[in-house]
Amino acid sequence: MLEVRDLHRRFGGVVALAGVSLAVAERTITALIGPNGAGKTTAFATIAGFHRPDSGHVRFAGRDITGWPPERIARLGLVRTFQIVQPFGGLSVRDNIAVGAHLHLAGRAEARAEAEAVAHRLGLGADLDKPANALPIAGRKRLELARALATRPRMLLLDEVMAGLNPGEVAALLPTIRAIRDGGVTLLMIEHVMQAVAELAERCIVLAEGRVIAEGTVADVARDPVVIDAYLGEGAASRLASDDAA
Ligand SMILES: Nc1ncnc2c1ncn2[C@@H]1O[C@H](COP(=O)(O)OP(=O)(O)OP(=O)(O)O)[C@@H](O)[C@H]1O
Ligand SMILES: [Mg+2]
């Protein structure tokens with residue numbers, strides 16, 4: 001579904017992506033993990049057309065989309081969410097989600113109807129008329145997901161949708177994310193909440209200093225000394241390796 005080959009991107013003197021290659025199979029959940037500053041968000045932004053790569057290629061759904069603008073990539077079905085969620089605070093939840101629906105629906109009434117349907121799927125049905133900035137953090141994260149889903153994506157790039165949630169809220173979001181995949185959407189998710197990674201992801205790609213340093217099942221990468229050293233630490237690694245995850 002998605003194939004990234006030798007992606008490079010620098011910001012001035014900072015090399016954010018130093019040759020990233022990865023592939024994601026259709027209808028799977030893959031986690032992208034790694035330390036702060038590893039280049040995870042930059043990888044998403046470059047794949048989704050928000051940054052041009054300095055070199056390298058991105059293929060999605062059989063097309064070379066390298067250098068396409070974000071809206072054209074979204075129309076093909078590849079949509080990212082943002083690590084720092086930025087809803088239109090004064091707009092209602094319904095209208096925020098309708099912005100996503102407008103990618104494929106021109107009419108206002110149709111977009112709002114689609115927004116309502118998506119809101120119900122994401123547990124935001126009771127919040128439709130609230131201004132987005134009245135939602136607590138967990139609601140804003142769900143709203144970010146809803147806006148992306150309303151575009152009817154074939155693949156979503158989720159940037160830390162669990163960040164800032166308490167353990168109960170994380171647990172509540174797990175089945176929602178599984179249901180999105182079961183609905184036919186391929187997922188690549190950046191996540192620091194390793195419990196969520198272990199529960200959801202069948203594959204895990206580890207990025208450090210702009211390079212892929214490991215990939216495999218969560219249990220595989222949790223056993224990898226290079227990953228333990230660069231990111232997980234001994235404690236988290238041994239907990240994950242003993243899990244029957246993925
Ligand atoms: N727009 C930008 N301008 C300049 N430097 C940037 C920009 N975006 C990212 N960087 C730099 O690129 C590197 C990778 O950043 P990125 O945000 O991709 O990391 P990340 O893996 O998503 O980290 P985190 O887990 O903290 O979100 C960092 O050194 C960061 O400071
Ligand atoms: Mg990031």
# chains A, B, ... in the order shown; residues from 1 in each chain; ligands from 1
$ residues_around --residues "segment 222-225 of chain A" --least-positions-apart "3" --cutoff "9 Å" --atoms "only C-alpha atoms" --output "PDB file with N, CA and C atoms, in the first residue's frame"
ATOM      1  N   ALA A 214      15.492  -0.773  13.166  1.00  0.00           N
ATOM      2  CA  ALA A 214      14.968  -2.121  13.383  1.00  0.00           C
ATOM      3  C   ALA A 214      13.538  -2.185  12.888  1.00  0.00           C
ATOM      4  N   THR A 217       8.039  -7.690  14.576  1.00  0.00           N
ATOM      5  CA  THR A 217       6.922  -7.637  15.519  1.00  0.00           C
ATOM      6  C   THR A 217       7.362  -6.821  16.739  1.00  0.00           C
ATOM      7  N   VAL A 218       6.410  -6.406  17.544  1.00  0.00           N
ATOM      8  CA  VAL A 218       6.738  -5.642  18.746  1.00  0.00           C
ATOM      9  C   VAL A 218       7.672  -6.456  19.632  1.00  0.00           C
ATOM     10  N   ALA A 219       7.378  -7.744  19.773  1.00  0.00           N
ATOM     11  CA  ALA A 219       8.230  -8.610  20.603  1.00  0.00           C
ATOM     12  C   ALA A 219       9.650  -8.673  20.033  1.00  0.00           C
ATOM     13  N   ILE A 228      16.770  -1.326  22.362  1.00  0.00           N
ATOM     14  CA  ILE A 228      16.766  -1.115  23.812  1.00  0.00           C
ATOM     15  C   ILE A 228      17.700   0.051  24.153  1.00  0.00           C
ATOM     16  N   ASP A 229      18.839   0.051  23.501  1.00  0.00           N
ATOM     17  CA  ASP A 229      19.831   1.084  23.756  1.00  0.00           C
ATOM     18  C   ASP A 229      19.361   2.449  23.255  1.00  0.00           C
ATOM     19  N   ALA A 230      18.780   2.506  22.058  1.00  0.00           N
ATOM     20  CA  ALA A 230      18.423   3.788  21.446  1.00  0.00           C
ATOM     21  C   ALA A 230      17.119   4.352  21.981  1.00  0.00           C
ATOM     22  N   LEU A 232      14.107   2.092  24.050  1.00  0.00           N
ATOM     23  CA  LEU A 232      13.186   1.519  25.035  1.00  0.00           C
ATOM     24  C   LEU A 232      13.733   1.501  26.451  1.00  0.00           C
ATOM     25  N   ALA A 236      11.236  -1.329  29.975  1.00  0.00           N
ATOM     26  CA  ALA A 236      10.128  -1.390  29.015  1.00  0.00           C
ATOM     27  C   ALA A 236      10.317  -2.568  28.078  1.00  0.00           C
ATOM     28  N   ALA A 237      11.561  -2.794  27.669  1.00  0.00           N
ATOM     29  CA  ALA A 237      11.837  -3.865  26.714  1.00  0.00           C
ATOM     30  C   ALA A 237      11.470  -5.226  27.292  1.00  0.00           C
ATOM     31  N   SER A 238      11.832  -5.460  28.546  1.00  0.00           N
ATOM     32  CA  SER A 238      11.551  -6.791  29.095  1.00  0.00           C
ATOM     33  C   SER A 238      10.049  -6.974  29.323  1.00  0.00           C
ATOM     34  N   ARG A 239       9.343  -5.889  29.685  1.00  0.00           N
ATOM     35  CA  ARG A 239       7.886  -6.012  29.811  1.00  0.00           C
ATOM     36  C   ARG A 239       7.256  -6.364  28.462  1.00  0.00           C
ATOM     37  N   LEU A 240       7.712  -5.697  27.397  1.00  0.00           N
ATOM     38  CA  LEU A 240       7.121  -5.929  26.075  1.00  0.00           C
ATOM     39  C   LEU A 240       7.498  -7.292  25.528  1.00  0.00           C
ATOM     40  N   ALA A 241       8.742  -7.698  25.750  1.00  0.00           N
ATOM     41  CA  ALA A 241       9.194  -8.974  25.201  1.00  0.00           C
ATOM     42  C   ALA A 241       8.442 -10.128  25.845  1.00  0.00           C
TER      43      ALA A 241
END
$ residues_around --residues "segment 168-184 of chain A" --least-positions-apart "4" --cutoff "7 Å" --atoms "only C-alpha atoms" --output "list in words"
Arg27, Thr28, Leu122, Ala138 and Met162 of chain A
$ write_last_selection --atoms "N, CA and C atoms" --output "PDB file, in the first residue's frame"
ATOM      1  N   ARG A  27      -4.291  -2.857   4.930  1.00  0.00           N
ATOM      2  CA  ARG A  27      -5.147  -3.324   6.036  1.00  0.00           C
ATOM      3  C   ARG A  27      -4.372  -3.854   7.234  1.00  0.00           C
ATOM      4  N   THR A  28      -3.188  -3.303   7.466  1.00  0.00           N
ATOM      5  CA  THR A  28      -2.438  -3.678   8.662  1.00  0.00           C
ATOM      6  C   THR A  28      -2.322  -2.450   9.560  1.00  0.00           C
ATOM      7  N   LEU A 122     -17.038   7.549  16.314  1.00  0.00           N
ATOM      8  CA  LEU A 122     -15.888   7.851  17.164  1.00  0.00           C
ATOM      9  C   LEU A 122     -16.274   8.273  18.580  1.00  0.00           C
ATOM     10  N   ALA A 138      -8.831  14.267  25.405  1.00  0.00           N
ATOM     11  CA  ALA A 138      -9.205  12.987  24.777  1.00  0.00           C
ATOM     12  C   ALA A 138     -10.218  13.229  23.652  1.00  0.00           C
ATOM     13  N   MET A 162      -2.426   8.913  21.044  1.00  0.00           N
ATOM     14  CA  MET A 162      -2.598   8.539  22.459  1.00  0.00           C
ATOM     15  C   MET A 162      -1.918   9.526  23.417  1.00  0.00           C
TER      16      MET A 162
END
$ residues_near_ligand --ligand "ligand 1" --cutoff "9 Å" --atoms "only C-alpha atoms and all ligand atoms" --output "VMD selection string"
chain A and resid 9 to 17 33 to 45 51 83 159 to 160 190 to 192 207 to 210
$ residues_around --residues "Arg5 of chain A" --least-positions-apart "5" --cutoff "6 Å" --atoms "only C-alpha atoms" --output "JSON, numbers by chain"
{"A": [21, 56, 57]}
$ write_last_selection --atoms "N, CA and C atoms" --output "PDB file, in the first residue's frame"
ATOM      1  N   SER A  21      13.691   4.054   4.455  1.00  0.00           N
ATOM      2  CA  SER A  21      12.951   3.150   3.582  1.00  0.00           C
ATOM      3  C   SER A  21      12.030   2.314   4.445  1.00  0.00           C
ATOM      4  N   GLY A  56      14.748  10.720  -2.702  1.00  0.00           N
ATOM      5  CA  GLY A  56      13.980   9.551  -2.292  1.00  0.00           C
ATOM      6  C   GLY A  56      12.602   9.553  -2.933  1.00  0.00           C
ATOM      7  N   HIS A  57      11.881   8.454  -2.714  1.00  0.00           N
ATOM      8  CA  HIS A  57      10.593   8.284  -3.386  1.00  0.00           C
ATOM      9  C   HIS A  57       9.526   7.760  -2.450  1.00  0.00           C
TER      10      HIS A  57
END
$ closest_residue --among "A:Ile97, A:Ala111, A:Leu149, A:Ile84" --to "ligand 2" --atoms "only C-alpha atoms and all ligand atoms"
A:Ile84
$ closest_residue --among "A:Asp129, A:Leu157, A:Gly216, A:Glu144" --to "ligand 2" --atoms "only C-alpha atoms and all ligand atoms"
A:Leu157
$ closest_residue --among "A:Leu32, A:Thr66, A:Ala196, A:Leu76" --to "ligand 2" --atoms "only C-alpha atoms and all ligand atoms"
A:Leu32
$ closest_residue --among "A:Glu215, A:Val161, A:Thr186, A:Tyr231" --to "ligand 2" --atoms "only C-alpha atoms and all ligand atoms"
A:Val161
$ select_by_dssp --residues "segment 5-131 of chain A" --states "helix (DSSP H, G or I)" --output "PyMOL selection string"
chain A and resi 40-47+70-76+93-101+108-121+125-127
$ closest_residue --among "A:Leu158, A:Met194, A:Leu78, A:Val58" --to "ligand 2" --atoms "only C-alpha atoms and all ligand atoms"
A:Leu158
$ select_by_dssp --residues "segment 152-209 of chain A" --states "strand (DSSP E or B)" --output "PyMOL selection string"
chain A and resi 155-159+186-190+203-208
$ write_last_selection --atoms "C-alpha atoms" --output "PDB file, in the first residue's frame"
ATOM      1  CA  MET A 155      -4.573   4.889   4.727  1.00  0.00           C
ATOM      2  CA  LEU A 156      -4.073   7.058   7.816  1.00  0.00           C
ATOM      3  CA  LEU A 157      -0.811   8.322   9.285  1.00  0.00           C
ATOM      4  CA  LEU A 158      -1.610   8.855  12.979  1.00  0.00           C
ATOM      5  CA  ASP A 159       0.855  11.057  14.880  1.00  0.00           C
ATOM      6  CA  THR A 186      -4.452   0.828   6.597  1.00  0.00           C
ATOM      7  CA  LEU A 187      -2.773   2.458   9.596  1.00  0.00           C
ATOM      8  CA  LEU A 188       0.741   3.686  10.246  1.00  0.00           C
ATOM      9  CA  MET A 189       0.920   5.185  13.721  1.00  0.00           C
ATOM     10  CA  ILE A 190       3.618   7.098  15.548  1.00  0.00           C
ATOM     11  CA  ARG A 203       4.524  -4.637  12.826  1.00  0.00           C
ATOM     12  CA  CYS A 204       6.799  -2.088  14.334  1.00  0.00           C
ATOM     13  CA  ILE A 205       9.394   0.132  12.641  1.00  0.00           C
ATOM     14  CA  VAL A 206      11.986   1.850  14.812  1.00  0.00           C
ATOM     15  CA  LEU A 207      13.484   5.150  13.724  1.00  0.00           C
ATOM     16  CA  ALA A 208      16.509   6.816  15.325  1.00  0.00           C
TER      17      ALA A 208
END
$ closest_residue --among "A:Gln195, A:Gln86, A:Thr81, A:Asn166" --to "ligand 2" --atoms "only C-alpha atoms and all ligand atoms"
A:Thr81
